[in-house]
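Enquirer: As input, take protein02.cif (mmCIF, C-alpha atoms):
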```
data_entry
#
loop_
_atom_site.label_atom_id
_atom_site.label_comp_id
_atom_site.auth_asym_id
_atom_site.auth_seq_id
_atom_site.Cartn_x
_atom_site.Cartn_y
_atom_site.Cartn_z
CA MET A 383 0.00 0.00 0.00
CA GLN A 384 1.44 3.34 -1.05
CA THR A 385 -1.02 5.27 1.08
CA ASN A 386 -1.52 5.09 4.83
CA ASN A 387 -4.27 7.67 4.75
CA PRO A 388 -7.67 5.95 5.35
CA ALA A 389 -9.63 8.83 3.78
CA GLU A 390 -7.54 8.64 0.58
CA ALA A 391 -7.78 4.83 0.53
CA ARG A 392 -11.56 5.03 0.86
CA THR A 393 -11.85 7.49 -2.05
CA ILE A 394 -9.58 5.41 -4.30
CA ALA A 395 -11.33 2.16 -3.35
CA LYS A 396 -14.70 3.63 -4.34
CA GLU A 397 -13.32 4.79 -7.69
CA ALA A 398 -11.54 1.48 -8.37
CA TYR A 399 -14.63 -0.52 -7.40
CA ILE A 400 -16.90 1.42 -9.76
CA TYR A 401 -14.27 1.01 -12.47
CA GLY A 402 -13.74 -2.69 -11.81
CA PHE A 403 -17.14 -4.11 -10.96
CA PRO A 404 -18.15 -4.91 -14.57
CA MET A 405 -14.78 -6.59 -15.16
CA VAL A 406 -14.97 -8.72 -12.02
CA ASP A 407 -18.58 -9.76 -12.65
CA SER A 408 -17.83 -10.51 -16.30
CA TYR A 409 -14.89 -12.67 -15.15
CA ARG A 410 -17.23 -14.58 -12.83
CA ILE A 411 -19.54 -15.39 -15.75
CA GLN A 412 -16.78 -16.22 -18.24
CA HIS A 413 -15.06 -18.46 -15.68
CA ALA A 414 -18.33 -20.42 -15.54
CA TYR A 415 -18.73 -20.40 -19.33
CA PHE A 416 -15.21 -21.27 -20.50
CA VAL A 417 -13.05 -22.44 -17.55
CA ASP A 418 -15.00 -24.46 -14.96
CA HIS A 419 -16.05 -27.70 -16.67
CA GLN A 420 -18.05 -28.69 -13.57
CA ASN A 421 -20.20 -25.58 -13.66
CA PRO A 422 -23.76 -26.15 -14.96
CA GLU A 423 -23.31 -22.94 -17.02
CA PHE A 424 -20.16 -24.27 -18.78
CA LYS A 425 -20.36 -23.71 -22.56
CA ALA A 426 -17.06 -24.76 -24.19
CA PRO A 427 -13.28 -24.31 -23.86
CA TRP A 428 -11.74 -21.06 -25.17
CA ASN A 429 -11.84 -20.58 -28.95
CA GLN A 430 -14.64 -23.12 -29.46
CA ILE A 431 -18.22 -22.10 -30.33
CA ARG A 432 -21.07 -23.57 -28.32
CA ASN A 433 -24.45 -23.43 -30.09
CA MET A 434 -27.64 -23.51 -28.03
CA PRO A 435 -30.34 -24.35 -30.61
CA ARG A 436 -33.36 -23.84 -28.41
CA VAL A 437 -35.56 -21.14 -27.02
CA PHE A 438 -36.47 -20.61 -23.41
CA THR A 439 -39.83 -21.75 -22.05
CA ALA A 440 -41.59 -21.55 -18.69
CA ASP A 441 -39.67 -24.71 -17.69
CA ASP A 442 -36.39 -22.73 -17.75
CA LYS A 443 -35.65 -21.32 -14.34
CA ALA A 444 -31.86 -20.73 -14.35
CA VAL A 445 -31.68 -17.48 -16.32
CA GLN A 446 -33.66 -14.38 -15.43
CA THR A 447 -35.50 -12.36 -18.10
CA PRO A 448 -34.60 -14.83 -20.86
CA ASN A 449 -34.81 -13.78 -24.49
CA SER A 450 -37.07 -16.19 -26.39
CA ASP A 451 -36.56 -14.61 -29.85
CA THR A 452 -32.97 -15.47 -30.73
CA PRO A 453 -31.24 -18.76 -29.85
CA TYR A 454 -27.69 -18.08 -28.68
CA SER A 455 -24.22 -19.28 -29.52
CA MET A 456 -21.32 -18.40 -27.21
CA LEU A 457 -17.60 -18.12 -27.85
CA GLY A 458 -14.76 -17.09 -25.55
CA MET A 459 -11.68 -15.98 -27.49
CA ASP A 460 -8.09 -16.05 -26.22
CA LEU A 461 -6.19 -13.79 -28.65
CA ARG A 462 -2.75 -13.97 -26.98
CA ALA A 463 -1.24 -16.45 -29.48
CA GLY A 464 -2.78 -14.72 -32.48
CA PRO A 465 -6.05 -13.61 -34.07
CA ILE A 466 -9.17 -15.73 -34.38
CA VAL A 467 -11.09 -15.71 -37.67
CA LEU A 468 -14.88 -15.84 -37.35
CA THR A 469 -16.65 -17.14 -40.45
CA VAL A 470 -20.40 -16.80 -40.88
CA PRO A 471 -22.53 -18.43 -43.59
CA GLU A 472 -24.74 -16.53 -45.98
CA ILE A 473 -28.10 -16.02 -44.24
CA GLU A 474 -31.41 -15.19 -45.94
CA LYS A 475 -32.07 -11.47 -46.08
CA ASP A 476 -35.10 -11.38 -43.79
CA ARG A 477 -33.45 -13.27 -40.91
CA TYR A 478 -31.66 -11.14 -38.32
CA PHE A 479 -28.43 -12.27 -36.73
CA SER A 480 -25.71 -10.56 -34.74
CA ILE A 481 -22.36 -11.33 -33.13
CA GLN A 482 -21.76 -8.96 -30.23
CA LEU A 483 -18.06 -8.56 -29.44
CA ILE A 484 -17.44 -7.72 -25.76
CA ASP A 485 -14.01 -7.01 -24.30
CA LEU A 486 -12.87 -7.51 -20.71
CA TYR A 487 -13.94 -3.97 -19.86
CA THR A 488 -17.48 -5.03 -20.98
CA PHE A 489 -17.41 -2.53 -23.85
CA ASN A 490 -19.31 -3.68 -26.97
CA PHE A 491 -16.33 -2.81 -29.16
CA ASP A 492 -17.85 -4.01 -32.44
CA TYR A 493 -20.48 -6.16 -34.14
CA ILE A 494 -20.75 -8.62 -36.99
CA GLY A 495 -24.28 -9.23 -38.29
CA SER A 496 -27.28 -8.06 -40.28
CA ARG A 497 -26.92 -4.42 -39.23
CA ALA A 498 -23.14 -4.14 -39.02
CA THR A 499 -21.86 -6.27 -41.90
CA GLY A 500 -24.88 -7.67 -43.77
CA ASN A 501 -26.18 -11.18 -44.38
CA ASP A 502 -23.85 -12.17 -47.25
CA GLY A 503 -21.53 -14.22 -45.03
CA GLY A 504 -17.77 -13.98 -44.88
CA SER A 505 -14.75 -14.12 -42.60
CA PHE A 506 -13.79 -11.52 -39.99
CA LEU A 507 -10.48 -11.38 -38.17
CA ILE A 508 -10.55 -10.58 -34.43
CA ALA A 509 -7.11 -9.35 -33.33
CA GLY A 510 -5.72 -8.67 -29.87
CA PRO A 511 -3.99 -5.44 -28.86
CA ASP A 512 -0.48 -6.49 -29.96
CA TRP A 513 -1.13 -8.06 -33.36
CA GLN A 514 0.81 -6.43 -36.21
CA GLY A 515 0.13 -8.72 -39.19
CA GLU A 516 -1.09 -8.07 -42.72
CA ILE A 517 -4.77 -8.38 -43.62
CA PRO A 518 -4.97 -11.85 -45.18
CA ASN A 519 -6.86 -12.71 -48.36
CA GLY A 520 -10.41 -13.83 -47.76
CA VAL A 521 -10.93 -11.64 -44.70
CA LYS A 522 -13.63 -8.96 -45.04
CA LYS A 523 -12.66 -6.90 -42.00
CA VAL A 524 -10.09 -6.75 -39.23
CA ILE A 525 -11.65 -5.96 -35.82
CA ARG A 526 -9.29 -5.02 -33.00
CA SER A 527 -9.87 -5.65 -29.32
CA GLU A 528 -8.25 -3.63 -26.54
CA THR A 529 -8.07 -6.79 -24.40
CA GLU A 530 -6.56 -10.23 -24.93
CA LEU A 531 -9.72 -12.14 -23.98
CA VAL A 532 -13.03 -11.47 -25.74
CA LEU A 533 -16.59 -12.76 -25.41
CA ALA A 534 -18.63 -13.20 -28.60
CA ALA A 535 -22.41 -13.54 -28.10
CA TYR A 536 -24.24 -14.78 -31.22
CA ARG A 537 -27.98 -14.25 -31.69
CA THR A 538 -29.85 -15.94 -34.55
CA GLN A 539 -33.49 -15.00 -35.14
CA LEU A 540 -36.10 -17.73 -34.75
CA PHE A 541 -39.33 -16.98 -36.64
CA ASP A 542 -41.49 -19.55 -34.80
CA PRO A 543 -40.99 -22.93 -33.07
CA ALA A 544 -41.20 -24.79 -36.40
CA ASP A 545 -38.20 -22.77 -37.62
CA LEU A 546 -35.72 -24.32 -35.17
CA ASP A 547 -34.12 -26.74 -37.65
CA ASN A 548 -33.27 -23.79 -39.91
CA VAL A 549 -31.59 -22.02 -36.99
CA LYS A 550 -29.62 -25.18 -36.17
CA GLN A 551 -28.36 -25.31 -39.76
CA ILE A 552 -27.22 -21.68 -39.61
CA GLN A 553 -25.53 -22.21 -36.25
CA SER A 554 -23.64 -25.20 -37.63
CA GLY A 555 -22.14 -22.84 -40.23
CA TYR A 556 -20.61 -20.52 -37.63
CA GLN A 557 -16.85 -21.14 -37.46
CA ALA A 558 -14.02 -19.88 -35.24
CA GLN A 559 -10.45 -20.69 -36.33
CA PRO A 560 -7.00 -19.47 -35.31
CA LEU A 561 -5.59 -17.39 -38.17
CA SER A 562 -2.95 -20.06 -38.83
CA VAL A 563 -5.65 -22.71 -39.37
CA PHE A 564 -7.64 -20.34 -41.59
CA LEU A 565 -4.52 -19.77 -43.74
CA GLY A 566 -3.40 -23.42 -43.63
CA GLN A 567 -0.12 -22.47 -41.95
CA SER A 568 1.73 -24.01 -39.02
CA ALA A 569 0.52 -22.86 -35.65
CA PRO A 570 2.40 -20.11 -33.80
CA ALA A 571 3.89 -20.78 -30.37
CA ALA A 572 1.13 -21.37 -27.86
CA ALA A 573 0.49 -18.67 -25.30
CA PRO A 574 1.36 -19.60 -21.71
CA SER A 575 -1.48 -21.41 -19.99
CA ILE A 576 -3.50 -19.18 -17.69
CA ASP A 577 -3.83 -20.13 -14.04
CA PHE A 578 -7.40 -18.88 -13.70
CA ILE A 579 -8.21 -17.84 -10.13
CA GLN A 580 -11.49 -18.73 -8.47
CA PRO A 581 -14.10 -15.97 -8.90
CA LEU A 582 -16.06 -14.57 -5.99
CA THR A 583 -19.78 -15.19 -5.62
CA PRO A 584 -22.14 -12.32 -6.52
CA ALA A 585 -22.74 -11.71 -2.82
CA THR A 586 -19.05 -11.79 -1.82
CA GLN A 587 -17.84 -9.48 -4.57
CA LYS A 588 -20.12 -6.79 -3.14
CA ILE A 589 -18.35 -6.69 0.22
CA SER A 590 -14.98 -8.49 0.20
CA PRO A 591 -11.76 -6.52 -0.46
CA GLU A 592 -10.57 -9.69 -2.26
CA PHE A 593 -12.62 -8.18 -5.10
CA PHE A 594 -9.57 -6.08 -5.96
CA ASN A 595 -7.36 -9.15 -6.42
CA ILE A 596 -9.80 -10.52 -9.01
CA LEU A 597 -9.61 -7.12 -10.72
CA ASN A 598 -5.79 -7.26 -10.59
CA PHE A 599 -5.90 -10.68 -12.25
CA VAL A 600 -8.21 -9.49 -15.05
CA LEU A 601 -6.14 -6.34 -15.66
CA GLN A 602 -3.19 -8.53 -16.75
CA PHE A 603 -5.09 -9.12 -20.01
CA CYS A 604 -5.94 -5.43 -20.47
CA PRO A 605 -3.04 -3.25 -21.64
CA THR A 606 -3.55 0.19 -20.05
CA HIS A 607 -5.49 2.51 -22.34
CA PRO A 608 -3.82 5.92 -22.85
CA SER A 609 -6.84 7.65 -21.29
CA GLU A 610 -6.39 5.62 -18.09
CA GLN A 611 -2.70 6.11 -17.27
CA GLU A 612 -3.41 8.58 -14.46
CA LEU A 613 -6.25 6.41 -13.18
CA MET A 614 -3.97 3.38 -12.90
CA ALA A 615 -1.30 5.43 -11.13
CA ARG A 616 -3.93 6.45 -8.57
CA PHE A 617 -5.26 2.89 -8.15
CA ALA A 618 -1.71 1.64 -7.54
CA LYS A 619 -1.72 3.56 -4.24
CA ILE A 620 -4.01 0.83 -2.85
CA ASN A 621 -2.24 -1.98 -4.75
CA VAL A 622 -4.79 -2.17 -7.55
CA GLY A 623 -3.20 -2.78 -10.95
CA ALA A 624 -2.22 -5.56 -13.38
CA GLY A 625 -0.46 -8.33 -11.46
CA MET A 626 -0.48 -6.44 -8.14
CA THR A 627 -1.70 -7.98 -4.88
CA LEU A 628 -3.80 -6.36 -2.20
CA ASP A 629 -2.82 -8.40 0.86
CA VAL A 630 -6.01 -8.01 2.83
CA ASP A 631 -4.67 -9.92 5.86
CA THR A 632 -1.81 -7.49 6.46
CA LEU A 633 -3.87 -4.31 6.17
CA SER A 634 -4.28 -2.23 9.30
CA PRO A 635 -7.83 -2.31 10.70
CA GLU A 636 -8.23 1.36 9.68
CA LEU A 637 -7.20 0.77 6.05
CA LYS A 638 -9.27 -2.42 5.73
CA THR A 639 -12.31 -0.56 7.04
CA ALA A 640 -11.60 2.34 4.67
CA ILE A 641 -11.49 0.02 1.65
CA GLU A 642 -14.73 -1.70 2.70
CA GLN A 643 -16.33 1.73 3.14
CA GLY A 644 -15.15 2.72 -0.33
CA MET A 645 -16.89 -0.35 -1.78
CA ALA A 646 -20.09 0.55 0.07
CA ASP A 647 -19.77 4.13 -1.21
CA ALA A 648 -19.69 2.78 -4.78
CA TRP A 649 -22.99 0.94 -4.26
CA ALA A 650 -24.51 4.04 -2.67
CA GLU A 651 -23.54 6.13 -5.69
CA LEU A 652 -25.02 3.53 -8.03
CA LYS A 653 -28.25 3.47 -6.01
CA GLU A 654 -28.51 7.25 -6.35
CA LEU A 655 -27.98 7.02 -10.12
CA LYS A 656 -30.69 4.35 -10.35
CA THR A 657 -33.17 6.32 -8.24
CA GLN A 658 -32.56 9.72 -9.81
CA GLN A 659 -31.81 8.82 -13.44
CA ILE A 660 -32.77 5.26 -14.40
CA ASP A 661 -36.03 4.77 -12.47
CA THR A 662 -37.23 8.18 -13.70
CA GLY A 663 -36.50 7.32 -17.33
CA LYS A 664 -33.89 10.05 -17.77
CA LEU A 665 -31.32 7.33 -18.42
CA THR A 666 -32.13 4.29 -20.59
CA SER A 667 -30.29 1.10 -21.51
CA GLY A 668 -29.24 2.88 -24.68
CA ASP A 669 -27.22 5.37 -22.62
CA ILE A 670 -25.17 2.83 -20.65
CA PHE A 671 -24.14 0.12 -23.15
CA GLY A 672 -21.68 0.69 -25.97
CA THR A 673 -18.08 1.34 -26.95
CA ARG A 674 -15.43 3.12 -24.91
CA GLU A 675 -15.80 6.11 -27.24
CA TYR A 676 -19.57 6.23 -26.76
CA LEU A 677 -19.42 5.95 -22.96
CA GLN A 678 -16.48 8.37 -22.75
CA ASN A 679 -15.03 6.48 -19.77
CA ASN A 680 -18.18 6.98 -17.67
CA TYR A 681 -17.44 4.12 -15.30
CA LEU A 682 -20.60 4.58 -13.21
CA TYR A 683 -22.71 4.05 -16.35
CA ARG A 684 -20.62 0.98 -17.13
CA MET A 685 -21.23 -0.38 -13.63
CA ALA A 686 -24.97 0.34 -13.92
CA ALA A 687 -25.07 -1.58 -17.20
CA ALA A 688 -23.35 -4.58 -15.62
CA VAL A 689 -25.66 -4.59 -12.59
CA LEU A 690 -28.88 -4.11 -14.56
CA GLY A 691 -28.13 -6.45 -17.47
CA ILE A 692 -24.52 -7.38 -18.12
CA PHE A 693 -23.64 -7.91 -21.81
CA GLY A 694 -26.66 -5.91 -22.99
CA ASN A 695 -26.60 -4.63 -26.57
CA SER A 696 -25.62 -1.18 -27.74
CA LYS A 697 -28.71 0.80 -28.74
CA GLN A 698 -27.87 0.69 -32.46
CA GLU A 699 -28.30 -3.10 -32.23
CA ALA A 700 -31.22 -3.36 -29.80
CA MET A 701 -33.38 -1.22 -27.53
CA TYR A 702 -35.31 -2.53 -24.53
CA PRO A 703 -38.40 -0.50 -23.56
CA PHE A 704 -39.87 -1.94 -20.34
CA TYR A 705 -43.38 -2.06 -18.94
CA SER A 706 -43.55 -2.40 -15.16
CA VAL A 707 -46.45 0.00 -14.50
CA ASP A 708 -49.64 0.97 -16.31
CA ALA A 709 -50.62 4.41 -17.64
CA ASP A 710 -51.62 5.42 -14.08
CA LYS A 711 -48.19 4.35 -12.69
CA GLN A 712 -49.69 1.33 -10.93
CA PRO A 713 -47.74 -1.99 -10.89
CA LEU A 714 -48.92 -4.48 -13.51
CA ASN A 715 -50.94 -7.30 -12.00
CA GLY A 716 -52.69 -10.28 -13.59
CA ALA A 717 -55.72 -9.55 -11.43
CA ASN A 718 -56.37 -6.73 -13.93
CA ARG A 719 -56.76 -6.67 -17.72
CA TYR A 720 -54.68 -4.38 -19.95
CA THR A 721 -54.46 -3.26 -23.55
CA LEU A 722 -51.46 -2.01 -25.48
CA ARG A 723 -52.53 -0.18 -28.61
CA PHE A 724 -50.31 0.87 -31.47
CA ALA A 725 -51.96 3.50 -33.65
CA PRO A 726 -51.75 3.04 -37.45
CA ASP A 727 -48.12 3.53 -38.59
CA GLN A 728 -46.94 3.56 -34.94
CA LEU A 729 -45.68 -0.01 -34.60
CA PRO A 730 -42.15 -0.19 -33.13
CA PRO A 731 -39.84 1.10 -35.92
CA VAL A 732 -37.22 -1.57 -36.65
CA HIS A 733 -35.13 -2.82 -39.54
CA ALA A 734 -35.22 -6.36 -38.10
CA PHE A 735 -38.05 -7.26 -35.70
CA TRP A 736 -39.69 -6.35 -32.41
CA SER A 737 -41.16 -8.44 -29.62
CA LEU A 738 -43.06 -8.10 -26.35
CA THR A 739 -42.27 -10.79 -23.76
CA MET A 740 -44.14 -11.56 -20.53
CA TYR A 741 -42.29 -12.19 -17.23
CA LYS A 742 -43.77 -13.00 -13.83
CA LEU A 743 -42.47 -11.36 -10.68
CA PRO A 744 -40.51 -11.68 -8.49
CA GLU A 745 -38.77 -14.47 -10.43
CA SER A 746 -38.47 -12.62 -13.81
CA LEU A 747 -39.30 -15.89 -15.57
CA LEU A 748 -41.57 -16.82 -18.48
CA VAL A 749 -45.20 -17.62 -17.69
CA ALA A 750 -46.77 -21.04 -18.23
CA ASN A 751 -50.08 -20.70 -20.10
CA PRO A 752 -52.50 -22.78 -22.15
CA LEU A 753 -51.19 -21.40 -25.47
CA ASN A 754 -47.50 -21.97 -24.60
CA ARG A 755 -47.14 -18.38 -25.82
CA TYR A 756 -44.49 -16.32 -24.06
CA LEU A 757 -44.28 -13.35 -26.41
CA LEU A 758 -45.91 -11.48 -29.25
CA ASN A 759 -43.65 -10.28 -32.06
CA SER A 760 -43.60 -8.76 -35.51
CA PRO A 761 -43.27 -12.11 -37.36
CA MET A 762 -46.77 -12.81 -35.94
CA LEU A 763 -48.27 -9.67 -37.54
CA PRO A 764 -50.09 -11.62 -40.29
CA GLN A 765 -52.10 -13.54 -37.67
CA PHE A 766 -52.99 -10.53 -35.48
CA LYS A 767 -56.46 -9.02 -35.76
CA ARG A 768 -56.22 -5.32 -36.69
CA ASP A 769 -58.39 -2.51 -35.35
CA VAL A 770 -60.93 -0.85 -37.65
CA ASP A 771 -58.53 2.05 -38.34
CA GLY A 772 -55.60 -0.30 -39.08
CA GLY A 773 -54.03 0.02 -35.63
CA LEU A 774 -53.13 -2.94 -33.45
CA THR A 775 -54.44 -3.67 -29.94
CA LEU A 776 -52.73 -6.32 -27.83
CA TYR A 777 -54.52 -7.87 -24.85
CA ILE A 778 -52.39 -8.48 -21.77
CA GLN A 779 -54.35 -10.44 -19.15
CA HIS A 780 -54.56 -13.75 -17.29
CA GLU A 781 -57.81 -15.10 -18.76
CA SER A 782 -58.45 -15.43 -22.48
CA PRO A 783 -60.01 -12.28 -24.00
CA GLY A 784 -62.28 -14.61 -26.02
CA LEU A 785 -61.60 -16.74 -29.09
CA ASP A 786 -62.08 -13.84 -31.49
CA GLN A 787 -59.29 -11.84 -29.76
CA GLU A 788 -56.99 -14.71 -28.79
CA SER A 789 -54.61 -14.06 -31.67
CA ASN A 790 -53.70 -10.75 -29.95
CA TRP A 791 -53.45 -12.19 -26.42
CA LEU A 792 -50.27 -12.24 -24.34
CA PRO A 793 -51.12 -14.42 -21.33
CA ALA A 794 -50.21 -12.95 -17.94
CA PRO A 795 -49.75 -14.71 -14.57
CA GLU A 796 -52.30 -14.27 -11.80
CA GLY A 797 -50.07 -11.87 -9.85
CA LEU A 798 -47.42 -9.23 -10.49
CA PHE A 799 -45.60 -9.14 -13.83
CA PHE A 800 -43.64 -6.95 -16.22
CA CYS A 801 -43.21 -6.96 -19.98
CA ALA A 802 -40.01 -6.33 -21.91
CA MET A 803 -40.14 -4.98 -25.43
CA ARG A 804 -37.14 -5.64 -27.66
CA LEU A 805 -36.44 -3.61 -30.79
CA TYR A 806 -33.76 -5.33 -32.87
CA TRP A 807 -31.87 -3.02 -35.22
CA PRO A 808 -34.08 -0.03 -34.33
CA LYS A 809 -34.72 2.70 -36.88
CA ALA A 810 -33.69 6.34 -36.43
CA GLU A 811 -37.06 7.45 -35.05
CA ALA A 812 -36.64 5.01 -32.12
CA LEU A 813 -32.97 5.86 -31.58
CA GLU A 814 -33.69 9.60 -31.61
CA GLY A 815 -36.78 9.39 -29.40
CA ARG A 816 -39.25 10.46 -32.08
CA TRP A 817 -41.11 7.17 -31.54
CA GLN A 818 -42.36 6.59 -27.99
CA GLN A 819 -43.72 3.33 -26.65
CA PRO A 820 -47.48 3.60 -25.99
CA PRO A 821 -48.62 3.25 -22.35
CA MET A 822 -50.24 0.07 -21.09
CA GLN A 823 -53.88 0.90 -20.29
CA ARG A 824 -55.79 -0.86 -17.56
CA MET A 825 -59.26 -1.91 -18.76
CA LYS A 826 -62.00 -0.68 -16.48
#
```
Now that the file is in, can you turn its structure into structure tokens?
Expert:
Amino acid sequence: MQTNNPAEARTIAKEAYIYGFPMVDSYRIQHAYFVDHQNPEFKAPWNQIRNMPRVFTADDKAVQTPNSDTPYSMLGMDLRAGPIVLTVPEIEKDRYFSIQLIDLYTFNFDYIGSRATGNDGGSFLIAGPDWQGEIPNGVKKVIRSETELVLAAYRTQLFDPADLDNVKQIQSGYQAQPLSVFLGQSAPAAAPSIDFIQPLTPATQKISPEFFNILNFVLQFCPTHPSEQELMARFAKINVGAGMTLDVDTLSPELKTAIEQGMADAWAELKELKTQQIDTGKLTSGDIFGTREYLQNNYLYRMAAAVLGIFGNSKQEAMYPFYSVDADKQPLNGANRYTLRFAPDQLPPVHAFWSLTMYKLPESLLVANPLNRYLLNSPMLPQFKRDVDGGLTLYIQHESPGLDQESNWLPAPEGLFFCAMRLYWPKAEALEGRWQQPPMQRMK
């Protein structure tokens, strides 16, 4: 410890915690996905794609607020030995797909997919911070990561349950190869094996100063960005930095308390942001997910994004309007009946598709119902019944609204619920706020 001043240690600990929380929580998840073979969440070893050709149903209880529109594929990339080439097949024009590229800072540093690169297929080279090579033949684009480890989250649109075999076929065409394999060359020297440390639990990383040693481990794979040189010099005063160790056991009681207080201060600041900005709608998901350039090193926004929905999309790729209260600001409850009406020409403006998914509270899980229907979305438009003026009214309630309206029914649980709208590849009027989601009206 370079500082013996508890007040200074507390201030730095707060700043370093806000900075590091997304990185530590992301490490916890990626350790489960790509390192710990015994973990039920394990996907595949590094540099191997794991396809999950299914959608979530009410029987799925492990993941909160699951997306039931786009089956996932997951890939953890270790770029230390050299770039990885991602190859995607040609995909029909009306099917949305995306590959979200997330670095260890949790920045969405780039995308491959319908919006970003089109549906014509091709190969894309993902390079780490130190790669200096030439752009090889057959590669459409070189995408650079600031960090040596990268998470790629693939989403492939499913039109309806009968479409699943088509999604499986597309997923089987996703490839990830080291550049040497792609070029048919001998492999470069392997990178040293990583001695991955055990992550903390979600509860422990909120309160334990060992949090900072996880951050120190992760920072080894993150060359310091020029904009963060002064930050890292400040963090070093409490032994936070790549490869450093914060020896919690040898801290004086005053310094240990100061660091714990700094962590609590970080959560207090986040709570204030949530209360003042997020809960009031002044700040949306679109403001807190994105690139380093977009977020302009706003680390509190980055922490908020990780706490509220880690690995969420940048707004250019997807927007997430929520419904937790009705037009009168009352919590949504299946004891009541609701309508959601889109006036003519006021459907959610998207280049890809939109959906409205039902979740019961407090679990944030899908709702079992006689139709096995968990969402309404734009691929279902041909079967919806339109209003006389051409608008669209959706019925959100527990009991059927009657056979003649059942096509427009999103079944609700008996108790509290919320609905999440998803706008994939939103149009300018949504991005710029010219389109507003209509309120959910309680039927009298």
Enquirer: Please report as a tab-separated table every residue of segment 673-757 of chain A lying within 9 Å of segment 814-822 of chain A, along with the nearest atom pair and their distance in Å (one decimal), using all atoms listed in the file.
Expert:
```
residue	atom	partner	partner_atom	distance
A:Pro703	CA	A:Gln819	CA	7.2
A:Tyr705	CA	A:Met822	CA	7.5
A:Val707	CA	A:Met822	CA	7.6
A:Asp708	CA	A:Met822	CA	4.9
A:Ala709	CA	A:Pro821	CA	5.2
A:Asp710	CA	A:Met822	CA	8.9
A:Leu714	CA	A:Met822	CA	8.9
A:Tyr720	CA	A:Met822	CA	6.4
A:Thr721	CA	A:Met822	CA	5.9
A:Leu722	CA	A:Met822	CA	5.0
A:Arg723	CA	A:Pro820	CA	6.8
A:Phe724	CA	A:Pro820	CA	6.7
A:Ala725	CA	A:Pro820	CA	8.9
A:Gln728	CA	A:Trp817	CA	7.7
A:Leu729	CA	A:Gln819	CA	8.8
A:Pro730	CA	A:Gln819	CA	7.5
A:Pro731	CA	A:Trp817	CA	7.6
```
Enquirer: Can you turn the PyMOL selection byres ((chain A and resi 498) around 10) into a concrete residue list for this file, as JSON, numbers by chain?
Expert: {"A": [479, 480, 481, 492, 493, 494, 495, 496, 497, 499, 500, 501, 698, 699, 807]}
Enquirer: Translate the PyMOL selection byres ((chain A and resi 740-749) around 7), as applied to the file shown, into an explicit residue set as number ranges by chain.
Expert: A: 439-440, 443, 446-447, 738-739, 750-751, 756-757, 794-795, 798-802
Enquirer: Decode the PyMOL selection byres ((chain A and resi 624) around 9) for the given file into explicit residues and return them as a list in words.
Expert: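 On this input, the PyMOL selection byres ((chain A and resi 624) around 9) captures Leu597, Asn598, Phe599, Val600, Leu601, Gln602, Phe603, Cys604, Pro605, Thr606, Val622, Gly623, Gly625, Met626 and Thr627 of chain A.
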Enquirer: Kindly save the residues from that selection, with C-alpha atoms included, as a CSV table (one decimal), in the frame of the given file.
Expert:
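That gives us part.csv:
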```csv
chain,number,residue,atom,x,y,z
A,597,LEU,CA,-9.6,-7.1,-10.7
A,598,ASN,CA,-5.8,-7.3,-10.6
A,599,PHE,CA,-5.9,-10.7,-12.2
A,600,VAL,CA,-8.2,-9.5,-15.0
A,601,LEU,CA,-6.1,-6.3,-15.7
A,602,GLN,CA,-3.2,-8.5,-16.8
A,603,PHE,CA,-5.1,-9.1,-20.0
A,604,CYS,CA,-5.9,-5.4,-20.5
A,605,PRO,CA,-3.0,-3.2,-21.6
A,606,THR,CA,-3.6,0.2,-20.0
A,622,VAL,CA,-4.8,-2.2,-7.6
A,623,GLY,CA,-3.2,-2.8,-11.0
A,625,GLY,CA,-0.5,-8.3,-11.5
A,626,MET,CA,-0.5,-6.4,-8.1
A,627,THR,CA,-1.7,-8.0,-4.9
```
Enquirer: Given all atoms listed in the file as the basis, pick out the residue of A:Leu655, A:Ala650, A:Ala734, A:Val470 nearest to Lys588 of chain A.
Expert: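 With all atoms listed in the file as the atom set, the closest residue is A:Ala650.
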Enquirer: Kindly indicate which residue among A:Thr452, A:Asn759, A:Thr583, A:Gln678 lies nearest to Val406 of chain A, using only C-alpha atoms for the distances.
Expert: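 Closest to Val406 of chain A of all the choices is A:Thr583.
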Enquirer: Between atom CA of Asn595 of chain A and atom CA of Gly458 of chain A, what is the distance, to one decimal in Å?
Expert: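 Answer for the atom CA of Asn595 of chain A to atom CA of Gly458 of chain A separation: 22.0 Å.
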Enquirer: My list of candidates is A:Ile660, A:Ile552, A:Leu457, A:Met405. Which is closest to Ile692 of chain A when distances are computed with all atoms listed in the file?
Expert: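 Under the stated criterion, the closest residue is A:Met405.
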Enquirer: Within 12 Å of Asn387 of chain A, counting all atoms listed in the file, which residues qualify if same-chain residues fewer than 6 places away don't, as a VMD selection string?
Expert: chain A and resid 393 to 394 619 to 620 634 636 to 641
Enquirer: So the first atom is atom CA of Leu540 of chain A and the second is atom CA of Ser789 of chain A; what is the distance between them in Å, to one decimal place?
Expert: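 These two atoms are separated by 19.1 Å.
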Enquirer: Mind giving me the straight-line distance from atom CA of Gly694 of chain A to atom CA of Asp547 of chain A in Å, one decimal?
Expert: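 Answer for the atom CA of Gly694 of chain A to atom CA of Asp547 of chain A separation: 26.5 Å.
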Enquirer: Can you work out which one of A:Gln567, A:Gln557, A:Asn621, A:Ser737 has the shortest atom-to-atom distance to Met803 of chain A, counting all atoms listed in the file?
Expert: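 Once distances to Met803 of chain A are computed over all atoms listed in the file, the minimum belongs to A:Ser737.
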Enquirer: Pull the neighbourhood of (-58.0, -11.6, -31.3) for me: all residues within 9 Å in file coordinates, counting only C-alpha atoms, as a count of residues only.
Expert: 16
